[in-house]
Amino acid sequence: MKIAEIRELSTKELLERVDAEVAAYDQKKINHSISPMDNPSQIKQQRRLIARMKTELRQRELNNKN
């Protein structure tokens, strides 16, 4: 998901997506610890996607305060 796509989402949708992505990330980490994944860079990509979403949420929060 690109940053432009993240910015198009409403705040409520973005919060829901963050929760879903964090759950999926946790599950991937658990699965990878049990049996190694073919492409472990997916974990890194997912972590960065979550960070992008949380950054956008924080920017919206700061813009609403001003």
# chains A, B, ... in the order shown; residues from 1 in each chain; ligands from 1

call {"tool": "select_by_dssp", "arguments": {"residues": "chain A", "states": "alpha helix (DSSP H)", "output": "PyMOL selection string"}}
result
chain A and resi 3-8+11-34+41-65

call {"tool": "residues_around", "arguments": {"residues": "stretch 3-6 of chain A", "least_positions_apart": "4", "cutoff": "10 Å", "atoms": "only C-alpha atoms", "output": "list in words"}}
result
Ser10, Thr11, Glu13, Leu14, Arg17, Leu49, Arg52, Met53, Glu56 and Leu57 of chain A

call {"tool": "atom_distance", "arguments": {"atom1": "atom CA of A:Ile50", "atom2": "atom CA of A:Ile30"}}
result
17.2 Å

call {"tool": "atom_distance", "arguments": {"atom1": "atom CA of A:Ile43", "atom2": "atom CA of A:Tyr25"}}
result
6.7 Å

call {"tool": "atom_distance", "arguments": {"atom1": "atom CA of A:Glu21", "atom2": "atom CA of A:Arg60"}}
result
19.3 Å

call {"tool": "closest_residue", "arguments": {"among": "A:Arg47, A:Arg58, A:Lys12, A:Asn66", "to": "A:Asp26", "atoms": "only C-alpha atoms"}}
result
A:Arg47

call {"tool": "closest_residue", "arguments": {"among": "A:Val22, A:Arg7, A:Asn31, A:Glu61", "to": "A:Arg48", "atoms": "only C-alpha atoms"}}
result
A:Val22
